[in-house]
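K.L.:
Pasting a structure here, questions to come.
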Amino acid sequence: MAADSSSPSKPKQTPLPESLKEQLTGFRSQLWKIKVAEAVLCGFFGLLASYLVVFGLDRVWATPATVRLAVLIGGTSLFVFFAPYWIHRWVFGHRREDQLARLIARRFPKLGDRLLGVVELQRQNEAEELLSPELRAAAMKNVAKEAKGRDFVQALPASRHRSWSLAVLATFAVAGAALVFVPKAGLNALKRWIMPLSDTPRYTFTRLEDFSKHMVVPYGESFDLALKLRDDSDNRPPLGTARYGAQPAVESALDDSGLYVFSFPGQQAQDFITIHIGDARHRISVEPTLRPTVESLSAVVTYPEYLELPEKRIDLRAGVLPVVVDSTVGLEATASRELQSASLVNRPLPLHEGLPDSEASPEPPPPSESSLRVHKRKLFAPAIPVTAHPAELTLSWTDVLGLEGAGRFRLRVDPVVDQAPSVYIQGIDRQRVMLEEETVEFDVLGEDDFGVKRIGIEWRGQFTKPTDETPANGELALADSGDTSDLQRLSEEVAFSPSTLGISPQKLIIRAYAEDFRPDGPRAYSDPITIFILTRDEHAQLLKNTFDGIIGELEDAARREQNNFDENQRLERLEDPKLQEDEARDRLQQQEAAEAENTERMQDLARRMEELLKDAVRNGEIDKETMTKIARAMQKMQELGNQDMPEVEQSLRDSQDQRSTPDQSKKDLQEAIEKQKDVLEKMQETIEEANEANRNFEASTFINRLKRAASEEDSIAAALIDSINSIIGMSVEGLDPADQRLIGELSMQQRRTASDVRWIQEDLGHFYARTQKEIHKELLTEMQASHVDTALDDNRERIAENQSYKSIAICKQWAEQLREWAAKLEGPKDGGGGGGGGGGGAGPNDDDFEFMLKVMRMIQKEQDIRSRTRALEQLRRSLGQIATP
C-alpha cells in the first residue's frame, strides 16, 4: 500500500458536458453547410457569369479567342481557386472546439472566452492532486449551463449563400433563356465559351454569305463591296455601314436581291474595311494593287502552204495586223503578274470593199469566245484562221489576285489578198536602137509582198516590112528564188544580145515578167521597152541623122558665141572708169553666165560627138576618111569645151574683180575678146570639118540606101515566091484572107520603096549641087533616064492586082540595077575615098588615126565578146532552170 501511494497518479481528462458538446457540434455543422454552399454557388456563378459575358460580348463584336480564354479562366477560377480556399478556411479551419469558441467569441465575447477556457481545461492533463476533477466538471457545467441559454446560430459569420443562390438562379435563368429563346446564339456562345481557342465563328442574328476577309482592289480606282444576306438570317437590317480606315462611313441599303453594295472611292494605301450590318461586325483587309498589264504581245503567223514561208513571229506594237488570207494567227502574251485565266473574243467584221464575194459570205459569222491556256505569266491563244472577213480580236485576262487586265487589248486582223507581183525594167530607155551583134544591159526587178518565185524576160518580134522570115518570139528565165521562199525582192542584171539569141534585125517588144507562189497565178508583166535591131545600112542612116543634129547645134553654138563676142566688144568701147560701174559689172556678169552656158553646151556636143564616133566605129561600114574628119571635129570640140571657152569665161570673171584697177579690168576684157576671137575661128573650122565629114557620110549613105532599096525589092520577090502556089492565077477577091493581107502588105512595101528611091534621086541632086562631083552627076542622070521611081510605082499596081509572076521578075530586075548603082558609087574596094571622093595619099597622121581605129575596134570587139559571153551564161542558166522543175 505504501508503494502504491508513493507513485504519481495518472492524468485524467474531463469531458465536456454533453449539452455543450451538442451545441458546438450543431454550430460547426451549420457553419460547414453554409460555407460549402457559398463555395459551390460562387463557383457556379463564375461559370454562368463567364458564359453570359461571352454571350453578351458576341452580341457586340466578334470576341477574340484571347478574351474568351481570359473570361473562361476568370469564370472557372472561382471553382478552381476560390471554392477550395473557402472550404479550407471555413471547414478545415473550424473543426476543433477552440476554433469554434474563437468564432463564437466574435459574436459573444464573454461566452466565447469562457468556452475557450473550458476547452482548455478539458485539454489539461494534470494529476488529480493538482486539479480536482470535480472542480473542472463543475466549471464546465457552469459554462454549459450559461451556453445553453444562448443560440450559437447568431454567432455564425455573415452568410451570403442566399445572395449567391439568387445570383446563380438569375444567371442560370438568363443563360437558360438565351439557350431557349435564341438557341443558335446561345449554343454558339456556349461552344465558343467552352472552346475559346477554336475557330468557331460568332453567331449573329444578321447573317451574311461567306466572303473573303482579304480583298485586292485596283490601285487608285473606285470599287464596290457587295455582301449578300443569307436566306436564313434572323435579322434583315434595312441599312448597313462600312468604313475604309478612318475615312467617312459609307452606307448601303438592302436591295431586293438581298445585297448590300458599298461603293468606295479609289484607294492607294492598304487598310481595313469595318462593316456594321445589324449585329454583324466584320473586318476586311484591302490591298490596292496595280492591274496586270501585258508587257509583250506577239502574233505567230502560219502562212498558207503554197507560199512555202516559215512561221513568222510579229511583235504587235500597233492594233492592226495585216495577214494574207488562208493563214492562221496565234497569239502569245506575257503579263506583268501571274495569270489565273484569259479569254479571247473573235468578232468577224463585214467584208472589205474590193474583195470578191465568192471568197466569203457578205454577212460575217457570229462572234465566238474561247478560254485561253495560261502558264504563270504567259497566255497562249490557239491558231485562228484568217478568212476574207476582217476580225476584231479582244483579249482579256485576270491575274491570280482576281484583278482584270488594265484595259482589254483589241487587235484588228485585216485579211490581205495575195496580189500579183510587180516587175520593172530599169537602166534603159523606153526605146533603143542597136546593131545585131551589140549587147544591151539593163536590170529586171521583181517585187511581191509574199515572195517572188521567178523573174525573166520575154520578147515578141515584129518586122516593119513583109518578109518570109518568122518574127522572133521567146523568153529567158533570169533568176529563181530556189529554196529561199521569203525573197520579197528579186533582181537580175540582163545582158541582151540579139546575135546570141539568134534574133535578126527587126523591131522587138521586150517585157519583164515575174511569178509568185500563188497556185496557177498568172504572170505579172512590166511596161514594155522597144528595141530596134538595125542593119548596118539602117544604122549608118541613123548615125547620119544624128550627125546632122549635132552639126545644127554646133552652128547654133557658134552664133551664140558670135553674139557674146559682139557684146564683149561693145563693153570694150566703154571708158575705163565706166567698167567699174554697177551697170557695166552687171553686163559683164551676164556675159560670163552666157559664156558658161555655151561652154556646157559645147561640152555636151563633144560628148555626143564621141558617142557618134564610137557608134560609127562599131558600124564598120563608114569609110576611113569620114571617120577621120569626125574624129578631128570631135577633138576640136573637146578643146573648145574643156580649154578655150573656159579661158574666155575666166577672163570675163577677172574683169569683174572689184580689187582690179580700171586699167586691169580693161586689160582682162581685151584678153577675153582676143581669146573669144580664137574660139570663133576654131568653131568655124570645126563646123567646116564636120560638114566635110557629113558630106562624106551622106555620100556613103547613098550606097547604103541603094543597097537597102535593092534588099527591099529582093524581100518582096521572096515573099511572092514563097506564096506563089496559093496566089498564082487567082483574082484578089478569090484569095485566102491571109494571102489577101500579104498582097496588101507587099503592095505597101513596094510603094515605100518607090518613095525611098525618089528621095534618093532628090537628095543626090542636092548633094551634087554642093559637091559638084562627076560620079554623082552620072548616077543621077542614069536614075532619071531609067524612070525607076515610075517603074516601081507601076509594079506596085501589078502586085495589088496579084500579077505575081511579072511582079517577081520586075522586083529582081530593079534589085539588080540598084545594086549596080551602089557599086558604081562605092568604087574599087581598095580605093581610099569611097563614094564621097576626097583626099590623096595617106600621111603620117592618117596612119596614126587608122591605128587608133583598129585599137577602138579591138576594144569594142573585146567588150562585145564579154557581153555576149555574159548573155550566153545567162542563157545557159535559164535553160538549166527550165530543165529543172
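Naming scheme: A, B, ... for chains in displayed order of the C-alpha cells; residues 1 onward per chain; ligands 1 onward as shown.
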If you count only C-alpha atoms, which residues fall within 6 Å of region 494-498 of chain A, apart from same-chain ones fewer than 5 positions away, as a PyMOL selection string?
P.N.:
chain A and resi 436+439-443+503+871
K.L.:
Would you mind listing what lies within 10 Å of Ala253 (chain A) as a PDB file with C-alpha atoms, in the first residue's frame, with only C-alpha atoms counted and same-chain residues fewer than 5 positions away left out?
P.N.:
ATOM      1  CA  PRO A 237     -31.423  45.325 -91.328  1.00  0.00           C
ATOM      2  CA  PRO A 238     -32.538  47.812 -93.981  1.00  0.00           C
ATOM      3  CA  LEU A 239     -29.254  49.688 -93.818  1.00  0.00           C
ATOM      4  CA  GLY A 240     -25.602  48.792 -93.383  1.00  0.00           C
ATOM      5  CA  THR A 241     -22.462  50.856 -92.976  1.00  0.00           C
ATOM      6  CA  GLY A 258     -30.569  40.771-100.509  1.00  0.00           C
ATOM      7  CA  LEU A 259     -27.389  42.644-101.317  1.00  0.00           C
ATOM      8  CA  TYR A 260     -25.582  45.470 -99.557  1.00  0.00           C
ATOM      9  CA  VAL A 261     -23.374  47.218-102.111  1.00  0.00           C
ATOM     10  CA  PHE A 262     -20.845  49.641-100.669  1.00  0.00           C
TER      11      PHE A 262
END
K.L.:
For Thr626 (chain A), find every residue with an atom within 7 Å (counting only C-alpha atoms), except residues of its own chain fewer than 4 positions away, and show them as a list in words.
P.N.:
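Surrounding residues, per the criterion: Ile622, Ile630, Ala693, Asn696 and Phe697 of chain A.
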K.L.:
DSSP says alpha helix (DSSP H) for which residues of region 490-667 of chain A? Put them as a VMD selection string?
P.N.:
chain A and resid 498 to 501 536 to 572 582 to 619 624 to 639 645 to 654 662 to 667
K.L.:
Mind pulling up the distance from CA of Ala479 (chain A) to CA of Gln426 (chain A)?
P.N.:
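Computing it gives 15.9 Å between the two atoms.
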K.L.:
Leaving out Ala557 (chain A) and any residue of its chain fewer than 4 positions from it, which residues lie within 7 Å of it when counting only C-alpha atoms, given as a list in words?
P.N.:
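Residues near the query, excluding close chain neighbours: Glu553, Glu561 and Asn598 of chain A.
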K.L.:
Among region 492-688 of chain A, which ones does DSSP place in strand (DSSP E or B), written as a list in words?
P.N.:
Glu492, Glu493, Val494, Ala495, Phe496, Lys507, Leu508, Ile509, Ile510, Arg511, Ala512, Tyr513, Ala514, Glu515, Asp516, Ala524, Tyr525, Ile529, Thr530, Ile531, Phe532, Ile533 and Leu534 of chain A
K.L.:
List the neighbours of Leu403 (chain A) out to 12 Å using only C-alpha atoms; skip same-chain residues closer than 4 positions along the sequence, and give me the result as a list in words.
P.N.:
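Listed by chain and then number, they are Met215, Val216, Val217, Pro218, Tyr219, Glu221, Phe223, Glu287, Pro288, Thr289, Leu290, Arg291, Pro292, Thr293, Ser336, Arg337, Glu338, Leu339, Gln340, Ser341, Ala342, Ser396, Trp397, Thr398, Asp399 and Gly407 of chain A.
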K.L.:
Just to confirm, what's the straight-line distance from CA of Trp193 (chain A) to CA of His276 (chain A) in Å (one decimal)?
P.N.:
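If I compute the distance from CA of Trp193 (chain A) to CA of His276 (chain A), I get 23.5 Å.
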K.L.:
Can you tell me, as a PyMOL selection string, what residues are no more than 10 Å from Leu47 (chain A) when counting only C-alpha atoms, ignoring any on the same chain fewer than 5 positions away?
P.N.:
chain A and resi 41-42+52-53+71-79+168+171-172+193
K.L.:
Which polymer residues have any atom within 10 Å of an atom of Arg59 (chain A), counting only C-alpha atoms, with same-chain residues fewer than 2 positions away left out, as a PyMOL selection string?
P.N.:
chain A and resi 53-57+61-63+185+189+202-205+279-281
K.L.:
Can I get the selected residues back with C-alpha atoms, as a short mmCIF file (atom, residue, chain, number, x, y, z; two decimals), in the first residue's frame?
P.N.:
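Full text of part-v3.cif as output:
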data_model
loop_
_atom_site.label_atom_id
_atom_site.label_comp_id
_atom_site.auth_asym_id
_atom_site.auth_seq_id
_atom_site.Cartn_x
_atom_site.Cartn_y
_atom_site.Cartn_z
CA VAL A 53 -20.10 37.56 -70.62
CA VAL A 54 -19.08 35.69 -73.78
CA PHE A 55 -22.70 35.63 -74.95
CA GLY A 56 -23.03 39.35 -74.35
CA LEU A 57 -19.71 40.24 -75.94
CA TRP A 61 -18.42 42.09 -81.60
CA ALA A 62 -16.54 39.00 -82.59
CA THR A 63 -14.93 38.29 -79.24
CA ALA A 185 -26.82 32.20 -80.45
CA ALA A 189 -21.73 31.26 -77.40
CA ARG A 202 -19.55 34.06 -83.95
CA TYR A 203 -23.25 33.68 -84.42
CA THR A 204 -25.07 36.83 -85.39
CA PHE A 205 -28.74 37.45 -85.97
CA ASP A 279 -25.26 42.88 -85.05
CA ALA A 280 -22.86 41.61 -87.71
CA ARG A 281 -19.42 43.09 -87.36
#
K.L.:
Using only C-alpha atoms, which of A:Leu554, A:Ala738, A:Ile87, A:Ala383 sits nearest Leu605 (chain A)?
P.N.:
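Selected residue with least distance to Leu605 (chain A): A:Leu554.
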K.L.:
Point out the residue among A:Asp231, A:Asn188, A:Lys624, A:Ala672 with the least atom-to-atom distance to Glu209 (chain A), counting only C-alpha atoms.
P.N.:
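Of A:Asp231, A:Asn188, A:Lys624, A:Ala672, the one nearest Glu209 (chain A) is A:Asp231, counting only C-alpha atoms.
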K.L.:
Nearest residue to Leu69 (chain A) out of A:Glu712, A:Ile34, A:Lys677, A:Ser198, using only C-alpha atoms?
P.N.:
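Looking at the shortest contact to Leu69 (chain A), the residue is A:Ser198.
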K.L.:
Would you mind reading off the distance between CA of Lys777 (chain A) and CA of Gln761 (chain A), one decimal, in Å?
P.N.:
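CA of Gln761 (chain A) lies 10.5 Å from CA of Lys777 (chain A).
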K.L.:
Using only C-alpha atoms, which of A:Arg752, A:Lys806, A:Lys707, A:Lys773 sits nearest Ile728 (chain A)?
P.N.:
A:Lys806
